[in-house]
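K.L.:
Got a structure for you, written out below as structure tokens; questions coming shortly.
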Amino acid sequence: MTQNYIVTAHKSTAVTDVVTGNFTSPDDLNLIEARGNSLLINLVTPEGLKPILDATIYGRVALMQLFRPKNEQKDLLFLMTARYHIAVLSFDPSTSDLVTRASGEMLERVCKPTEGRQIGMIDPDCKMIALHIYTGLLKIIPLDLTSGGELKAFNVRLEDLYVIDLKFLHGYATPTIAYLTEETTGRTLKTSGISVRDKELVKGPWKPISVESQASLLQPVVSPCGGILVFGYETIIYCSEKVQHSIDPPIVKESIISCVGVVDRSRYLIGDANGRLLMLFVDSEEKIDGVTQVSSMKLEVLGECSGPSCVSYLDNGVVFVGSAHGDSQLLKLNATAGPNGSYVEVLDTFTSLAPIIDMSVVDLDKQGHDLIVTCSGLGKDGSLRVVRSGVGINEAASIDLSGVKGVWSLHGGPGSDQLDSMLVVSFVGHTTVLSLKGEEVEETEVPGLVSDQQTFFCGNVAGRNIVQITSTCVRLISEETLELVCDWHPPSGKNVSTAACNPTQVAVAVGSDLYYLEVKANKLNEVSHAVMQHEVACVDITPVGQRGDKADLCTIGLWTEIAVQVLFLPSLEVVYTQILGGDIIPRSVLMVSFAGCCYLLCALGDGTLHYFVLDPDSGQLSQSKRVVLGTKPITLKAFRSSGSTSVFACSNHPTIIHHSHQKLLFSNVNVKEVNYLCSLNSEAFKDSLAVVDDHSLVIGSVDQIQMLHIQTVPLSETVRRIAHQEGSRTFAVLTTRIDKASRQGTVPVRSSASTTVPNPTISRLPEGVTNPLAPDQEGDEVEIFSVLLLDENTFEVIHAYQLCPREHAVSITSCTLGTVNPSVYYVVGTAFVFMNEKEPSKGRILVFQVQSGRLNLICEKLENGAVFQVVSLNNSKLVASIRSAVTVFDFTEEGGLKQECTYTNNIMSLYIKTKGDFILVGDLMRSFKLLSYKQDTPQLEELLVCGEAPRLEHFCISMDTKLNPVFLTAIEMIDDENYIGADGRHVFVCQKNSEATVEADLAYMLQPSRIYIGDNVNVFCRGSLVMDHPGSSASPFQGKPLLYATVTGALGLIGQLNSESFSLLSKIQSKMATLIKSVGNISHEVFRSFANDHKTQLSEGFIDGDLVEKFLDLKQSQMEDICKGIKSAEIQGTEVDVTVEDVVKLIEDLSRLH
């Protein structure tokens, strides 16, 4: 059985639902977003949205609603997961966490789930919850929050089987619902009352009302008007007991209404599928009898936004638009239109990867740092998203300099302020000062600075002075006059080997002699001197703890002994010695305080970093840990970014060390090499860094320090597939846009990547394909597919190849074809889609070669069906899945593609992966199938299918049932015997039955590993989110892990563990599932269990990294409780008690992989 570790590396970003209310406090306005299996709770402030809590839910959030029962001071939240777990939640300000007030499970084993969407709502008096989740049933849950916390429901029969939407009406003493239902004559709006006493539906106040055949959304109108709004494709209708109004403005017919949000009782925000925001005005008047009724309605377009999935009005004209297929936005509604006629102003944009349809993982610079390029968004929100792990440096200026040995920023000169005005650059044997005047950088001279020696340190200190430490002395220079004030020379007359300085203290090492100086009253006072046992290799005197600018401790790294020592100041008494081991000397030490926790970092000459927790009072070191950050010597430099302290590890693999949740995190920097660095805050370069490599000095700002950074490449059309070609240094993507039919052909609806690229190539309809349909009418929407060629570095679109009308681009790959003169090609699979065909009967395979920055069509081959997948086989041949067949093609430039062999025993072969001669097929219904290519024959031989070997008792049931039918969405080969797949809710692994004792069983795969993730995985790719460091310690994973991407914009990581790690983490996971209380009282075991229409099984063969990595956030006592009684096997085979340190190290190693 494969032993897998699965963890979310980037949470879902698709916002599927949103609610607004007073949740965290009676005085707070909160916006709560549903994002996959998490709730993001925001506080609405004048500056924008401030995240308060990102709560993980054991299940995908299907629906939610805020409500306030009587006697409650603030709102409560009702939610339901896709697996029918429900909960009522409140917020506890003392813990800043969610509290489960009540919970329950609405699962019915024998009922049929509703064919439409899951619907849930709370009645206006907050007395009951109504759920429509099963066909023909309405579940009613009385809201009694004092009944011990368990929510129980009773069922009422609903005569209508297909309900499209359902809402409670306002203004009725008896809880009353209105619902849209589909009948043979069309769609009808009906009403019913709910009798709690009789537990049944009673006759409603209205007669059934026939509405538009495409009506899909309901929105109740609050009292005094009451009634309900019905939104269709062509009309908006207001219905009540006494009056009806309808409008059919042309703007409604231009798109499909996707969501509705309430502003107040007379204004409603509407979002449509084209990404427009509209406002519906509902006017009312009071009649003579005192009854208020709706008198008219008016619809206006406000402007454009991201394609909305939900919309919520906040306050003061501010609106939040949540999107499941684009970036969510915070908008301002203005009273007057802007220059473009829009009333909408974008205040903030929240980057989203959703939906990720495909992705490519590439190592462009061959540094072991994978880059992820995703196909994200739909329609006008379509884009490529470039996902990099680590931190980027945004270059503002660059100077060609080589041989730099150090760099420091200074402020000084007559009338100087606190802004830096100089850069001191040190070389072997001399020092240069660069003056910063605006954006101009020029060389200058400072009278008090020595320029004919190498500088070890230079910086501003107390008393408006500057300290320069050179190879022969320490110099104190006036910050005002820039003249020398005084200097200090080592008494021995020997050269300084290393030094450190803070605003009031200096530590100088001369061989094994260590001198401690203080800066006081414009003087350098030697306070103490000590002789170390070995020569000092590095020293640090950074203040930590509560003393502010003055340090109580000094740390040094030693030659010979290969150790780090902590010394008291001013006595230089050694209070702690930590032997590092090995024969690589320390090259840099640094004491740093993160959020009140002090650490000592010690970097070695081979790229290894040792780090310890430092007690600032006693100088004791504890919790020793080690990580490999590169292969060359590391220099450690502290800096501040966004108000917090971080450490830059300068090396051939630069890394930023920061702190979060009581642990150190390591983020790669997206530059190839950094030798030296300093902070810079000048007039032109605020909050910047000066970074030095072998050839240049770069001034730039650092990105926000986080694990993943996302760059958007807008294409304004849906991106379906992507492939990378190393030889031509390009990406090729398949895109689709919507055009309108006209007499002259088709006209693009909007500007997009394929319409703006110069000199595109337009494909012609091939012989053998005829359009059986009548020509498109003027104004009809036509889907146009293109193949776009992009530069791999700039992501600029350099060429477009437009396919024929009604020809859909389905698949693409970059591969080497040919055996005599092999070359690299892009191969595209297409399908001709006509409305009168159940499935495409024709498709093409197109072979392109990149020549002079253009896609040159080398050959094409017409096929009898859709070409769902094209992949390379053995770097010479092509494998294609065409309808139910899997076909191998040989290729020559003269003869094009020639069919060698085919395999047809599939229902529909949607996915193909190859490894050597093995071909893994993902079938529409029959899950996995493994084929082997026999080159000598040639032929495709079936080796394995997923399921059980037929037995005598199986002949009475369907054979497809024994073949484990699964609707696959993605597949990948882990190795020759293990194959991973996803079915829209689960991830599972099938493997070859190598231990079978019956020969018939050898042809069938086992499914030993499975887990529920509640999301639709669209693609698996081999890759990593962190840089591979040569020489680093063994990875917790066996082999390179897999990345996966989902519809909701999540990225995840799957790796294979060894038996010892898997066994240990399984025990930790089991104990943590019991210890950590879930939101909604949902069992972790139930949450991760595998369940489909045929069977339900507990999760097996997977470690849930999302749960296990929470171990690092626990208190020490909780960690000890979990580890108590857990044994681990030693090499000798004996079992020993596992320690907290062992578990922390393993989980930290795993957490650093994403």
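Each chain in the structure tokens gets a letter, A, B and so on, in the order shown; residues start at 1 in every chain, and ligands are counted from 1 in the order they appear.
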Quick one: residues within 7 Å of Gly21 (chain A), only C-alpha atoms counted, chain neighbours fewer than 5 positions away excluded, as a PyMOL selection string?
P.N.:
chain A and resi 29-31+66+75
K.L.:
Taking only region 144-303 of chain A into account, list the residues labelled strand (DSSP E or B) by DSSP (computed from the backbone), as a count of residues only.
P.N.:
89
K.L.:
From the list A:Leu89, A:Val221, A:Ile541, A:Leu697, which residue is nearest Ile399 (chain A) when using only C-alpha atoms?
P.N.:
A:Leu697
K.L.:
Considering only C-alpha atoms, return as a compact mmCIF listing (two decimals) with C-alpha atoms, in the first residue's frame whatever protein or nucleic-acid residues lie within 7 Å of region 832-843 of chain A, sequence-local ones (same chain, fewer than 2 positions apart) excluded.
P.N.:
# COMPACT_ATOMS: atom_id res chain seq x y z
CA ARG A 806 -17.26 25.14 -34.05
CA GLU A 807 -13.83 23.49 -33.75
CA HIS A 808 -12.98 23.15 -30.06
CA THR A 830 -9.51 19.19 -31.45
CA LEU A 862 -8.60 14.20 -39.44
CA GLU A 863 -10.02 11.71 -36.93
CA ASN A 864 -13.46 10.19 -36.39
CA GLY A 865 -14.12 11.76 -33.02
CA ALA A 866 -12.88 14.18 -30.41
CA VAL A 867 -9.16 13.99 -29.66
K.L.:
Pick out the residues sitting within 12 Å of Pro714 (chain A), and hand them over as a VMD selection string; count only C-alpha atoms, and ignore anything fewer than 6 positions along from it in its own chain.
P.N.:
chain A and resid 326 to 327 374 to 386 751 to 754 795 to 797
K.L.:
Can you pull out every residue within 8 Å of region 99-116 of chain A, counting only C-alpha atoms, but drop anything in the same chain fewer than 6 positions away, and send it as an NGL selection string?
P.N.:
:A and (83-92 or 132-135 or 145 or 148-153 or 162-164 or 1079-1081)
K.L.:
Identify, on the basis of only C-alpha atoms, every residue whose closest approach to Asn1018 (chain A) does not exceed 7 Å; exclude the query and any residue fewer than 3 positions from it along the same chain; express the result as a list of chain:residue names.
P.N.:
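Everything that qualifies: A:Ile357, A:Asp358, A:Thr969, A:Ala970, A:Ala1045, A:Thr1046, A:Val1047.
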K.L.:
Please dump the current selection as a PDB file, in the first residue's frame; keep all heavy atoms.
P.N.:
ATOM      1  N   ILE A 357      -8.095  25.294 -14.398  1.00  0.00           N
ATOM      2  CA  ILE A 357      -8.516  24.290 -15.377  1.00  0.00           C
ATOM      3  C   ILE A 357      -7.349  23.393 -15.772  1.00  0.00           C
ATOM      4  O   ILE A 357      -7.515  22.204 -16.027  1.00  0.00           O
ATOM      5  CB  ILE A 357      -9.115  24.990 -16.616  1.00  0.00           C
ATOM      6  CG1 ILE A 357     -10.250  25.928 -16.179  1.00  0.00           C
ATOM      7  CG2 ILE A 357      -9.630  23.971 -17.627  1.00  0.00           C
ATOM      8  CD1 ILE A 357     -10.784  26.808 -17.290  1.00  0.00           C
ATOM      9  N   ASP A 358      -6.154  23.962 -15.828  1.00  0.00           N
ATOM     10  CA  ASP A 358      -4.957  23.197 -16.168  1.00  0.00           C
ATOM     11  C   ASP A 358      -3.769  23.939 -15.575  1.00  0.00           C
ATOM     12  O   ASP A 358      -3.891  25.105 -15.160  1.00  0.00           O
ATOM     13  CB  ASP A 358      -4.811  23.068 -17.685  1.00  0.00           C
ATOM     14  CG  ASP A 358      -3.795  22.012 -18.097  1.00  0.00           C
ATOM     15  OD1 ASP A 358      -3.386  21.205 -17.227  1.00  0.00           O
ATOM     16  OD2 ASP A 358      -3.394  21.997 -19.275  1.00  0.00           O
ATOM     17  N   THR A 969     -11.622  12.924 -13.024  1.00  0.00           N
ATOM     18  CA  THR A 969     -11.356  14.299 -13.452  1.00  0.00           C
ATOM     19  C   THR A 969      -9.876  14.552 -13.670  1.00  0.00           C
ATOM     20  O   THR A 969      -9.502  15.535 -14.310  1.00  0.00           O
ATOM     21  CB  THR A 969     -11.883  15.304 -12.413  1.00  0.00           C
ATOM     22  OG1 THR A 969     -11.240  15.062 -11.151  1.00  0.00           O
ATOM     23  CG2 THR A 969     -13.391  15.176 -12.246  1.00  0.00           C
ATOM     24  N   ALA A 970      -8.995  13.678 -13.140  1.00  0.00           N
ATOM     25  CA  ALA A 970      -7.546  13.836 -13.331  1.00  0.00           C
ATOM     26  C   ALA A 970      -6.868  12.528 -12.956  1.00  0.00           C
ATOM     27  O   ALA A 970      -7.346  11.789 -12.083  1.00  0.00           O
ATOM     28  CB  ALA A 970      -6.994  14.975 -12.472  1.00  0.00           C
ATOM     29  N   ALA A1045      -4.252  20.766  -8.564  1.00  0.00           N
ATOM     30  CA  ALA A1045      -4.975  22.037  -8.626  1.00  0.00           C
ATOM     31  C   ALA A1045      -6.460  21.749  -8.761  1.00  0.00           C
ATOM     32  O   ALA A1045      -6.863  20.771  -9.402  1.00  0.00           O
ATOM     33  CB  ALA A1045      -4.484  22.869  -9.809  1.00  0.00           C
ATOM     34  N   THR A1046      -7.293  22.624  -8.159  1.00  0.00           N
ATOM     35  CA  THR A1046      -8.718  22.352  -8.079  1.00  0.00           C
ATOM     36  C   THR A1046      -9.559  23.466  -8.686  1.00  0.00           C
ATOM     37  O   THR A1046      -9.068  24.558  -8.990  1.00  0.00           O
ATOM     38  CB  THR A1046      -9.155  22.167  -6.612  1.00  0.00           C
ATOM     39  OG1 THR A1046      -9.199  23.451  -5.974  1.00  0.00           O
ATOM     40  CG2 THR A1046      -8.203  21.265  -5.858  1.00  0.00           C
ATOM     41  N   VAL A1047     -10.839  23.184  -8.807  1.00  0.00           N
ATOM     42  CA  VAL A1047     -11.800  24.134  -9.357  1.00  0.00           C
ATOM     43  C   VAL A1047     -11.913  25.377  -8.474  1.00  0.00           C
ATOM     44  O   VAL A1047     -12.126  26.484  -8.974  1.00  0.00           O
ATOM     45  CB  VAL A1047     -13.174  23.452  -9.519  1.00  0.00           C
ATOM     46  CG1 VAL A1047     -14.273  24.474  -9.741  1.00  0.00           C
ATOM     47  CG2 VAL A1047     -13.139  22.472 -10.677  1.00  0.00           C
TER      48      VAL A1047
END
K.L.:
Which residues are close to region 177-192 of chain A, i.e. within 9 Å by only C-alpha atoms, leaving aside same-chain residues fewer than 4 positions away? Reply as a ChimeraX atom specification.
P.N.:
/A:123,160-169,201-218,220,228,230,239
K.L.:
Using Å and a single decimal, report how far CA of Gly227 (chain A) sits from CA of Asp198 (chain A).
P.N.:
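So the two atoms, CA of Asp198 (chain A) and CA of Gly227 (chain A), lie 25.4 Å apart.
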K.L.:
Could you write out, as a list of chain:residue names, all the residues of region 719-762 of chain A that DSSP marks as alpha helix (DSSP H)?
P.N.:
A:Ala753, A:Ser754, A:Thr755, A:Thr756
K.L.:
Filtering to all heavy atoms, could you give me those residues as a PDB file, in the first residue's frame?
P.N.:
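Result went into result-v6.pdb, see below:
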ATOM      1  N   ALA A 753      -6.729  38.518 -25.798  1.00  0.00           N
ATOM      2  CA  ALA A 753      -5.385  38.177 -26.273  1.00  0.00           C
ATOM      3  C   ALA A 753      -5.377  37.737 -27.729  1.00  0.00           C
ATOM      4  O   ALA A 753      -4.519  38.144 -28.512  1.00  0.00           O
ATOM      5  CB  ALA A 753      -4.788  37.092 -25.382  1.00  0.00           C
ATOM      6  N   SER A 754      -6.333  36.893 -28.112  1.00  0.00           N
ATOM      7  CA  SER A 754      -6.318  36.362 -29.483  1.00  0.00           C
ATOM      8  C   SER A 754      -6.777  37.383 -30.509  1.00  0.00           C
ATOM      9  O   SER A 754      -6.518  37.213 -31.705  1.00  0.00           O
ATOM     10  CB  SER A 754      -7.211  35.113 -29.562  1.00  0.00           C
ATOM     11  OG  SER A 754      -8.541  35.425 -29.222  1.00  0.00           O
ATOM     12  N   THR A 755      -7.446  38.453 -30.083  1.00  0.00           N
ATOM     13  CA  THR A 755      -7.921  39.462 -31.043  1.00  0.00           C
ATOM     14  C   THR A 755      -6.953  40.625 -31.206  1.00  0.00           C
ATOM     15  O   THR A 755      -7.085  41.405 -32.150  1.00  0.00           O
ATOM     16  CB  THR A 755      -9.286  40.025 -30.592  1.00  0.00           C
ATOM     17  OG1 THR A 755      -9.130  40.699 -29.344  1.00  0.00           O
ATOM     18  CG2 THR A 755     -10.305  38.916 -30.453  1.00  0.00           C
ATOM     19  N   THR A 756      -5.998  40.758 -30.289  1.00  0.00           N
ATOM     20  CA  THR A 756      -5.075  41.892 -30.353  1.00  0.00           C
ATOM     21  C   THR A 756      -3.688  41.523 -30.853  1.00  0.00           C
ATOM     22  O   THR A 756      -2.890  42.404 -31.155  1.00  0.00           O
ATOM     23  CB  THR A 756      -4.936  42.536 -28.959  1.00  0.00           C
ATOM     24  OG1 THR A 756      -4.535  41.533 -28.006  1.00  0.00           O
ATOM     25  CG2 THR A 756      -6.261  43.135 -28.502  1.00  0.00           C
TER      26      THR A 756
END
